[in-house]
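Down below is the structure, laid out as structure tokens.
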Amino acid sequence: MSAYRNHPNVFTDRLAAVAGSSLFVLFFILALVVIGDLSLAQDRPARRLTTARQATAGHTPSSIEFVQSKSDEFTSGSEIQQHANKLFDYTYTQIHMAMPVRITVWSQDERRARQAGRAAFNRISELVRVLSKYEPESELNRLLDTGGVETRNRARGVSPDLLAVLSYSKLIYQLTNGAFDPSAGPIIDLWKKARKAKTLPSQAELDMALSRVGFDQIKIDGEDGKVRVLRSGVQLDLGAIAKGYIADQALEVLGENGIDSACIEAGGDFVVSQSPPGTSGWGIDVPALGVMHLENCGISVSGDTVQFAEIDSIRYSHVVDPRTGKPLTNRIMAVVIAPRAIQSDALATSACILEGGNFEDIVKGMPGVQYWRWRASAKDSESPAESE
């Protein structure tokens with residue numbers, strides 16, 4: 001009986017010894033895995049942002065999605081502080097305004113990064129419904145839809161967003177003496193058709209389109225938040241300024257959600273806030289200028305390297321001079337850096353249209369604005385002919 005009673009105790013002791021050895025081996029393996037992961041994280045190469053043309057070349061997203069990636073760490077201070085200060089960059093992409101819009105943020109908290117990204121994209125969607133001429137029910141289109149009724153004495157209340165974009169458009173329109181004109185919709189549409197058909201429009205068609213152009217047909221009352229359209233048939237295309245405003249607003253939303261360092265890219269244009277941790281700025285690959293390290297600014301590029309048409313052996317840019325009704329053929333490229341993307345967006349287009357000194361005189365009174373212009377060759381010149 002006593003031998004039987006003692007047998008279970010010996011067996012239990014052996015099990016405990018085996019279990020202890022197994023746990024030791026398990027902990028040893030886990031330690032090796034953690035050490036390996038840390039080594040890989042430290043060896044990850046830093047990433048450089050590229051222009052949208054480079055980032056999206058040969059790639060067409062199959063659906064609108066919320067894509068997230070995580071890379072690059074930054075640590076500083078003592079070992080305890082390193083864990084607390086560790087930051088990651090998260091990148092999210094969605095299709096808006098018929099183009100990929102990419103948002104990159106730095107955050108300690110992935111949940112906060114995703115929440116901020118979603119809030120920014122929601123704001124972008126909201127503004128597209130306000131400012132886009134391609135959204136049938138946008139606020140912009142409702143403002144212009146008079147149903148053929150004379151509206152000279154009829155003022156309509158508009159949202160703060162539409163009012164802000166129209167007001168800044170009026171300012172740039174006046175400063176450039178009409179070289180920047182959001183009412184150029186009729187001639188832009190005319191030349192879009194010409195590029196597709198590979199046939200020049202007739203002079204009669206040009207004259208008809210030009211008769212409907214002129215931003216002075218839009219009267220803005222900023223104090224009352226109202227806008228008057230002085231004639232029916234006016235078309236507004238805010239494509240050369242709305243993208244910048246939308247990016248500015250999305251960046252503001254990221255800041256409200258606790259993101260201090262962020263970059264938004266849309267169609268080759270950028271807006272950035274504070275520099276990523278441990279860097280001197282966001283590395284933006286700018287055509288002809290190379291990588292520039294920038295923070296708290298908007299960056300816009302304009303020219304005909306992507307959108308153009310050759311008709312009768314002449315290369316016509318997608319940039320149209322609203323004063324003449326004709327596309328540019330001088331192959332001028334421009335890069336503008338400004339405190340806000342709404343500025344850089346509008347000014348980049350104007351820089352292509354205006355002759356040398358005229359544009360320089362305009363931006364002299366704009367603090368923080370820099371620009372570069374050059375004439376692109378068949379290979380796209382590698383250095384600007386003019387910079388400021």
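Residue numbers start at 1 in each chain; chains themselves are named A, B, ... in the order of the structure tokens; ligands are numbered from 1 in the order shown.
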Skipping near chain neighbours, those fewer than 4 positions away, what residues fall within 7 Å of range 188-191 of chain A using only C-alpha atoms, listed as a CSV table (one decimal) with C-alpha atoms, in the first residue's frame?
```csv
chain,number,residue,atom,x,y,z
A,184,ALA,CA,-12.8,79.4,-68.2
A,195,ARG,CA,-7.5,66.9,-77.9
A,320,VAL,CA,-5.4,77.1,-71.4
```
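Checking A:Cys263, A:Leu230, A:Val363, A:Leu236 one by one against Leu140 in chain A, counting only C-alpha atoms, you find the shortest gap at A:Leu236.
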### Query
Among range 97-328 of chain A, which residues carry a DSSP assignment of strand (DSSP E or B), reported as a PyMOL selection string?
chain A and resi 99-107+155-157+218-221+226-229+262-266+269-272+282-286+290-294+297-302+308-311+314-317+320-321+326-327
Restricted to C-alpha atoms, what would the selected residues look like written as a compact mmCIF listing (two decimals), in the first residue's frame?
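Below is the file that was written, part_26.txt:
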```txt
# COMPACT_ATOMS: atom_id res chain seq x y z
CA MET A 99 -6.91 60.29 -58.75
CA PRO A 100 -5.15 58.46 -55.91
CA VAL A 101 -4.92 60.60 -52.79
CA ARG A 102 -2.22 59.42 -50.41
CA ILE A 103 -2.01 60.43 -46.76
CA THR A 104 1.08 59.63 -44.70
CA VAL A 105 1.10 60.33 -40.96
CA TRP A 106 3.52 59.76 -38.10
CA SER A 107 1.96 58.47 -34.90
CA ALA A 155 -28.00 86.42 -54.46
CA ARG A 156 -27.60 82.91 -53.10
CA GLY A 157 -26.17 81.91 -49.77
CA ILE A 218 -19.38 86.37 -60.30
CA LYS A 219 -20.12 88.85 -57.49
CA ILE A 220 -19.12 87.77 -53.98
CA ASP A 221 -20.41 89.26 -50.74
CA LYS A 226 -23.73 85.27 -50.65
CA VAL A 227 -22.83 84.98 -54.33
CA ARG A 228 -24.50 86.42 -57.40
CA VAL A 229 -24.08 84.97 -60.88
CA ALA A 262 1.72 64.49 -42.09
CA CYS A 263 1.93 64.62 -45.88
CA ILE A 264 -0.94 64.59 -48.36
CA GLU A 265 -0.30 63.90 -52.05
CA ALA A 266 -2.90 64.36 -54.78
CA ASP A 269 0.81 68.12 -55.65
CA PHE A 270 1.67 67.96 -51.95
CA VAL A 271 0.87 69.64 -48.68
CA VAL A 272 2.98 68.84 -45.61
CA TRP A 282 9.56 65.70 -45.89
CA GLY A 283 11.62 64.45 -48.84
CA ILE A 284 9.62 65.46 -51.91
CA ASP A 285 10.95 64.48 -55.33
CA VAL A 286 10.25 67.59 -57.41
CA GLY A 290 15.35 66.72 -57.29
CA VAL A 291 14.55 65.90 -53.68
CA MET A 292 13.61 68.88 -51.51
CA HIS A 293 13.14 68.63 -47.75
CA LEU A 294 10.09 70.68 -46.84
CA CYS A 297 3.84 74.24 -46.96
CA GLY A 298 2.11 73.32 -50.19
CA ILE A 299 3.97 72.22 -53.33
CA SER A 300 2.39 72.30 -56.79
CA VAL A 301 3.62 71.50 -60.29
CA SER A 302 2.07 72.67 -63.54
CA PHE A 308 -1.11 67.48 -73.86
CA ALA A 309 -2.07 66.80 -77.45
CA GLU A 310 -0.21 67.11 -80.74
CA ILE A 311 -2.35 68.48 -83.55
CA ILE A 314 2.07 71.39 -82.69
CA ARG A 315 2.07 70.35 -79.04
CA TYR A 316 -0.87 71.89 -77.13
CA SER A 317 -0.80 71.88 -73.33
CA VAL A 320 -5.36 77.15 -71.42
CA ASP A 321 -4.88 80.92 -71.36
CA LYS A 326 -5.92 78.98 -76.58
CA PRO A 327 -3.74 76.32 -74.92
```
As a check of understanding: the span from CA of Gly117 in chain A to CA of Asn296 in chain A is 18.2 Å
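Between CA of Ile187 in chain A and CA of Gly303 in chain A lies a distance of 17.7 Å.
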Query raised in the report: Got a sec: who's within 8 Å of Leu163 in chain A, counting only C-alpha atoms, leaving out chain neighbours fewer than 2 positions off, as a count of residues only?
Result: 12
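Distance check against Gly255 in chain A using only C-alpha atoms: of A:Lys133, A:Glu110, A:Gln115, A:Phe180, the minimum falls on A:Gln115.
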Quick one: residues within 12 Å of Pro367 in chain A, only C-alpha atoms counted, chain neighbours fewer than 4 positions away excluded, as a VMD selection string?
chain A and resid 297 337 to 340 343 362 to 363
Pull N, CA and C atoms from the residues just selected and write them as a compact mmCIF listing (two decimals), in the first residue's frame.
```txt
# COMPACT_ATOMS: atom_id res chain seq x y z
N CYS A 297 4.02 73.52 -45.71
CA CYS A 297 3.84 74.24 -46.96
C CYS A 297 3.09 73.38 -47.96
N ILE A 337 6.10 76.74 -54.33
CA ILE A 337 6.00 76.37 -52.92
C ILE A 337 5.41 77.56 -52.18
N ALA A 338 4.40 77.33 -51.38
CA ALA A 338 3.71 78.42 -50.68
C ALA A 338 3.26 77.92 -49.31
N PRO A 339 2.94 78.84 -48.41
CA PRO A 339 2.50 78.44 -47.07
C PRO A 339 1.27 77.54 -47.07
N ARG A 340 0.40 77.70 -48.08
CA ARG A 340 -0.80 76.87 -48.17
C ARG A 340 -0.91 76.29 -49.58
N GLN A 343 -2.71 78.27 -52.30
CA GLN A 343 -1.87 79.25 -52.98
C GLN A 343 -1.01 78.60 -54.06
N ILE A 362 3.87 89.72 -59.01
CA ILE A 362 2.72 89.27 -58.22
C ILE A 362 3.16 88.61 -56.93
N VAL A 363 4.13 87.71 -57.01
CA VAL A 363 4.49 86.93 -55.83
C VAL A 363 5.40 87.69 -54.87
```
Within 8 Å of Gly185 in chain A, counting only C-alpha atoms, which residues qualify if same-chain residues fewer than 5 places away don't, as a ChimeraX atom specification? /A:213,235-237
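Distances here use only C-alpha atoms; by that measure, the residue among A:Gln217, A:Ser132, A:Ser275, A:Thr93 closest to Lys170 in chain A is A:Gln217.
The shortest atom-to-atom distance to Asp109 in chain A, with only C-alpha atoms taken into account, belongs to A:Ile259 out of A:Ala179, A:Leu131, A:Ile259, A:Met366.
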Give me, as a PyMOL selection string, all polymer residues having an atom no more than 9 Å from Gly258 in chain A, counting only C-alpha atoms and skipping those fewer than 6 positions away in the same chain. chain A and resi 107+112-113+116
